[in-house]
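Peer 1: Below you'll find data38.pdb; it's PDB, C-alpha atoms, pLDDT in the B column.
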ATOM      1  CA  MET F   1     -29.565   4.902   3.508  1.00 65.00           C
ATOM      2  CA  SER F   2     -29.241   8.641   4.055  1.00 76.00           C
ATOM      3  CA  LEU F   3     -27.140  10.884   1.835  1.00 79.00           C
ATOM      4  CA  ASN F   4     -25.028  11.790   4.883  1.00 85.00           C
ATOM      5  CA  ARG F   5     -24.215   8.118   5.488  1.00 83.00           C
ATOM      6  CA  ILE F   6     -23.301   7.635   1.830  1.00 82.00           C
ATOM      7  CA  ALA F   7     -21.044  10.704   2.002  1.00 87.00           C
ATOM      8  CA  GLU F   8     -19.352   9.246   5.105  1.00 87.00           C
ATOM      9  CA  LEU F   9     -18.748   5.963   3.284  1.00 85.00           C
ATOM     10  CA  VAL F  10     -17.340   7.700   0.223  1.00 85.00           C
ATOM     11  CA  GLN F  11     -15.013   9.719   2.472  1.00 90.00           C
ATOM     12  CA  ARG F  12     -13.836   6.494   4.170  1.00 90.00           C
ATOM     13  CA  PHE F  13     -13.099   4.958   0.768  1.00 89.00           C
ATOM     14  CA  ARG F  14     -11.228   8.085  -0.344  1.00 91.00           C
ATOM     15  CA  GLY F  15      -9.071   7.740   2.755  1.00 92.00           C
ATOM     16  CA  LEU F  16      -8.260   4.196   1.627  1.00 91.00           C
ATOM     17  CA  ASN F  17      -7.330   5.416  -1.894  1.00 91.00           C
ATOM     18  CA  ALA F  18     -10.233   3.572  -3.505  1.00 87.00           C
ATOM     19  CA  LYS F  19     -10.382   4.097  -7.251  1.00 81.00           C
ATOM     20  CA  ARG F  20     -14.055   3.151  -7.642  1.00 79.00           C
ATOM     21  CA  VAL F  21     -16.973   2.693  -5.313  1.00 79.00           C
ATOM     22  CA  PHE F  22     -20.100   0.819  -6.396  1.00 78.00           C
ATOM     23  CA  PHE F  23     -23.442   0.854  -4.642  1.00 78.00           C
ATOM     24  CA  LYS F  24     -26.180  -1.624  -5.417  1.00 81.00           C
ATOM     25  CA  GLN F  25     -29.630  -1.818  -3.941  1.00 83.00           C
ATOM     26  CA  LEU F  26     -30.078  -5.505  -3.247  1.00 81.00           C
ATOM     27  CA  ALA F  27     -33.026  -7.404  -4.674  1.00 80.00           C
ATOM     28  CA  GLU F  28     -34.737 -10.258  -2.857  1.00 79.00           C
ATOM     29  CA  ASN F  29     -32.745 -12.855  -4.818  1.00 76.00           C
ATOM     30  CA  ASP F  30     -29.413 -11.077  -4.137  1.00 77.00           C
ATOM     31  CA  ASN F  31     -28.351 -13.255  -1.254  1.00 71.00           C
ATOM     32  CA  SER F  32     -25.502 -15.462  -0.114  1.00 66.00           C
ATOM     33  CA  LYS F  33     -27.090 -18.582  -1.642  1.00 72.00           C
ATOM     34  CA  GLN F  34     -28.063 -17.164  -5.034  1.00 70.00           C
ATOM     35  CA  GLN F  35     -25.158 -14.691  -5.246  1.00 89.00           C
ATOM     36  CA  ILE F  36     -25.277 -10.984  -6.099  1.00 90.00           C
ATOM     37  CA  TYR F  37     -26.559 -10.229  -9.590  1.00 91.00           C
ATOM     38  CA  LEU F  38     -24.245  -7.751 -11.357  1.00 92.00           C
ATOM     39  CA  GLY F  39     -25.556  -7.682 -14.904  1.00 90.00           C
ATOM     40  CA  GLY F  40     -27.516  -9.367 -17.649  1.00 88.00           C
ATOM     41  CA  ASN F  41     -24.545  -9.625 -19.985  1.00 85.00           C
ATOM     42  CA  PHE F  42     -20.766  -9.587 -19.915  1.00 86.00           C
ATOM     43  CA  GLU F  43     -20.574  -5.831 -20.584  1.00 89.00           C
ATOM     44  CA  VAL F  44     -20.294  -5.231 -16.811  1.00 90.00           C
ATOM     45  CA  LEU F  45     -16.915  -7.010 -16.642  1.00 89.00           C
ATOM     46  CA  PRO F  46     -14.742  -3.950 -17.454  1.00 89.00           C
ATOM     47  CA  PHE F  47     -16.034  -2.276 -14.281  1.00 89.00           C
ATOM     48  CA  PHE F  48     -14.332  -4.877 -12.083  1.00 88.00           C
ATOM     49  CA  PRO F  49     -10.647  -5.752 -11.782  1.00 87.00           C
ATOM     50  CA  TYR F  50     -10.725  -9.528 -11.986  1.00 92.00           C
ATOM     51  CA  GLY F  51      -8.131 -12.265 -12.354  1.00 93.00           C
ATOM     52  CA  THR F  52      -7.756 -15.093 -14.814  1.00 94.00           C
ATOM     53  CA  VAL F  53     -11.026 -16.472 -16.159  1.00 93.00           C
ATOM     54  CA  THR F  54     -11.266 -20.237 -15.660  1.00 94.00           C
ATOM     55  CA  ASP F  55     -13.630 -22.542 -17.532  1.00 94.00           C
ATOM     56  CA  TYR F  56     -15.844 -24.875 -15.451  1.00 91.00           C
ATOM     57  CA  PRO F  57     -17.426 -27.160 -18.085  1.00 89.00           C
ATOM     58  CA  GLU F  58     -18.395 -30.049 -15.768  1.00 86.00           C
ATOM     59  CA  GLY F  59     -21.680 -28.687 -14.383  1.00 80.00           C
ATOM     60  CA  LYS F  60     -25.163 -29.035 -15.798  1.00 84.00           C
ATOM     61  CA  TYR F  61     -24.619 -25.561 -17.224  1.00 83.00           C
ATOM     62  CA  PRO F  62     -20.945 -24.778 -17.877  1.00 88.00           C
ATOM     63  CA  ASN F  63     -19.738 -21.447 -16.533  1.00 92.00           C
ATOM     64  CA  PHE F  64     -16.634 -19.369 -16.072  1.00 94.00           C
ATOM     65  CA  LYS F  65     -15.163 -17.990 -12.841  1.00 94.00           C
ATOM     66  CA  ALA F  66     -12.653 -15.286 -12.057  1.00 95.00           C
ATOM     67  CA  LYS F  67     -11.244 -14.206  -8.697  1.00 96.00           C
ATOM     68  CA  ILE F  68     -11.943 -10.617  -7.727  1.00 93.00           C
ATOM     69  CA  GLU F  69     -10.109  -8.554  -5.138  1.00 89.00           C
ATOM     70  CA  LEU F  70     -12.846  -7.472  -2.723  1.00 89.00           C
ATOM     71  CA  TYR F  71     -12.642  -6.038   0.779  1.00 90.00           C
ATOM     72  CA  TRP F  72     -15.135  -5.440   3.542  1.00 90.00           C
ATOM     73  CA  VAL F  73     -14.569  -2.125   5.273  1.00 89.00           C
ATOM     74  CA  ASN F  74     -16.017  -0.649   8.429  1.00 84.00           C
ATOM     75  CA  GLU F  75     -14.964   2.274  10.609  1.00 82.00           C
ATOM     76  CA  GLU F  76     -11.964   0.384  12.030  1.00 88.00           C
ATOM     77  CA  ILE F  77     -11.217  -2.760  10.043  1.00 90.00           C
ATOM     78  CA  ILE F  78     -10.371  -3.737   6.478  1.00 92.00           C
ATOM     79  CA  GLU F  79     -10.877  -7.420   5.738  1.00 94.00           C
ATOM     80  CA  GLN F  80     -10.246  -9.144   2.411  1.00 94.00           C
ATOM     81  CA  ALA F  81     -12.928 -11.478   1.083  1.00 93.00           C
ATOM     82  CA  ASN F  82     -10.523 -14.152  -0.156  1.00 93.00           C
ATOM     83  CA  GLY F  83     -13.285 -16.316  -1.647  1.00 93.00           C
ATOM     84  CA  ALA F  84     -14.822 -13.534  -3.744  1.00 95.00           C
ATOM     85  CA  GLN F  85     -15.247 -14.362  -7.418  1.00 95.00           C
ATOM     86  CA  LEU F  86     -17.248 -13.426 -10.447  1.00 96.00           C
ATOM     87  CA  ILE F  87     -19.273 -16.200 -12.031  1.00 94.00           C
ATOM     88  CA  LEU F  88     -20.139 -15.813 -15.693  1.00 94.00           C
ATOM     89  CA  TYR F  89     -23.131 -17.812 -16.839  1.00 91.00           C
ATOM     90  CA  PRO F  90     -23.127 -17.877 -20.666  1.00 90.00           C
ATOM     91  CA  GLN F  91     -26.488 -19.678 -20.947  1.00 89.00           C
ATOM     92  CA  TYR F  92     -28.425 -16.694 -19.523  1.00 88.00           C
ATOM     93  CA  PRO F  93     -26.044 -14.639 -19.966  1.00 89.00           C
ATOM     94  CA  GLU F  94     -25.348 -12.943 -16.659  1.00 92.00           C
ATOM     95  CA  VAL F  95     -22.597 -12.159 -14.169  1.00 94.00           C
ATOM     96  CA  ARG F  96     -22.885 -12.772 -10.438  1.00 93.00           C
ATOM     97  CA  LEU F  97     -20.665 -12.126  -7.430  1.00 94.00           C
ATOM     98  CA  SER F  98     -20.058 -15.130  -5.183  1.00 93.00           C
ATOM     99  CA  GLY F  99     -17.936 -16.112  -2.165  1.00 92.00           C
ATOM    100  CA  PHE F 100     -17.887 -12.587  -0.741  1.00 91.00           C
ATOM    101  CA  LEU F 101     -18.885 -13.651   2.803  1.00 90.00           C
ATOM    102  CA  GLN F 102     -16.581 -16.655   3.096  1.00 88.00           C
ATOM    103  CA  GLY F 103     -14.288 -16.329   6.121  1.00 85.00           C
ATOM    104  CA  CYS F 104     -15.092 -12.644   6.727  1.00 92.00           C
ATOM    105  CA  GLU F 105     -16.007 -11.629  10.240  1.00 92.00           C
ATOM    106  CA  ILE F 106     -17.173  -8.095   9.424  1.00 92.00           C
ATOM    107  CA  ALA F 107     -19.229  -9.006   6.342  1.00 88.00           C
ATOM    108  CA  PRO F 108     -22.865  -7.868   6.807  1.00 84.00           C
ATOM    109  CA  ARG F 109     -24.505 -11.302   6.743  1.00 83.00           C
ATOM    110  CA  GLN F 110     -27.678  -9.931   8.327  1.00 82.00           C
ATOM    111  CA  TYR F 111     -28.536  -8.119   5.076  1.00 77.00           C
ATOM    112  CA  LEU F 112     -28.186 -11.184   2.882  1.00 75.00           C
TER
END
Please, can you express the file's structure as structure tokens?

Peer 2:
Amino acid sequence: MSLNRIAELVQRFRGLNAKRVFFKQLAENDNSKQQIYLGGNFEVLPFFPYGTVTDYPEGKYPNFKAKIELYWVNEEIIEQANGAQLILYPQYPEVRLSGFLQGCEIAPRQYL
């Protein structure tokens, strides 16, 4: 992505009163099935405004989930990703972003 395009995106976010903008170069395993990897420990959590953390002990590997307020933005539309959540995997430990495409028409599925 060119620096001009990044500057355009940052300007669009400023116009929407965004407080923080994060960019992440996606790895091969950052996809809609395996989720987006955010960090190898829970120290990344303060960067994201998340909701109540809920325990999910019933799986093979128990984890924790928390809703996150996430929006897809293009030149004309703002669309909330209502299914977006952080998943905390204590056994690794790591944090992943999940549910960010669910029900979103402008989400860039072609890149995932």

Peer 1: At what distance in Å, to one decimal, does atom CA of Gly103 of chain F lie from atom CA of Arg14 of chain F?

Peer 2: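 Pair atom CA of Arg14 of chain F / atom CA of Gly103 of chain F returns 25.4 Å.
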
Peer 1: Calculated over all atoms listed in the file, which of the candidates F:Lys67, F:Arg12, F:Arg20, F:Lys60 has the smallest distance to Gly83 of chain F?

Peer 2: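 Looking only at the distances to Gly83 of chain F, the closest residue turns out to be F:Lys67.
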
Peer 1: Would you pick out the contacts of Ile78 of chain F at 12 Å or less, using all atoms listed in the file, so that residues sharing its chain but fewer than 5 positions from it are not included, and give the list as a PDB file with C-alpha atoms, keeping the file's coordinate frame?

Peer 2:
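And here is the file that came out, part_11.pdb:
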ATOM      1  CA  ARG F  12     -13.836   6.494   4.170  1.00 90.00           C
ATOM      2  CA  PHE F  13     -13.099   4.958   0.768  1.00 89.00           C
ATOM      3  CA  LEU F  16      -8.260   4.196   1.627  1.00 91.00           C
ATOM      4  CA  LEU F  70     -12.846  -7.472  -2.723  1.00 89.00           C
ATOM      5  CA  TYR F  71     -12.642  -6.038   0.779  1.00 90.00           C
ATOM      6  CA  TRP F  72     -15.135  -5.440   3.542  1.00 90.00           C
ATOM      7  CA  VAL F  73     -14.569  -2.125   5.273  1.00 89.00           C
ATOM      8  CA  CYS F 104     -15.092 -12.644   6.727  1.00 92.00           C
ATOM      9  CA  GLU F 105     -16.007 -11.629  10.240  1.00 92.00           C
ATOM     10  CA  ILE F 106     -17.173  -8.095   9.424  1.00 92.00           C
ATOM     11  CA  ALA F 107     -19.229  -9.006   6.342  1.00 88.00           C
TER      12      ALA F 107
END

Peer 1: For the structure provided, state which residues fall under the PyMOL selection byres ((chain F and resi 55) around 12), and present them as a list of chain:residue names.

Peer 2: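 Taken over the shown coordinates, the PyMOL selection byres ((chain F and resi 55) around 12) returns F:Thr52, F:Val53, F:Thr54, F:Tyr56, F:Pro57, F:Glu58, F:Gly59, F:Tyr61, F:Pro62, F:Asn63, F:Phe64, F:Lys65, F:Ala66, F:Ile87, F:Leu88, F:Tyr89, F:Pro90.
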
Peer 1: Nearest to Phe42 of chain F: which of F:Ala81, F:Leu3, F:Ala27, F:Leu86 is it, counting all atoms listed in the file?

Peer 2: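 When distances to Phe42 of chain F are compared using all atoms listed in the file, the smallest one comes from F:Leu86.
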
Peer 1: Report, in Å to a single decimal, how far apart atom CA of Asn82 of chain F and atom CA of Lys24 of chain F are.

Peer 2: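 Atom-to-atom, atom CA of Lys24 of chain F and atom CA of Asn82 of chain F are spaced 20.7 Å apart.
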
Peer 1: For the structure shown, which residues end up in the PyMOL selection byres ((chain F and resi 34) around 12)? Put them as JSON, numbers by chain, please?

Peer 2: {"F": [26, 27, 28, 29, 30, 31, 32, 33, 35, 36, 37, 38, 87, 95, 96, 97, 98, 99, 100, 112]}
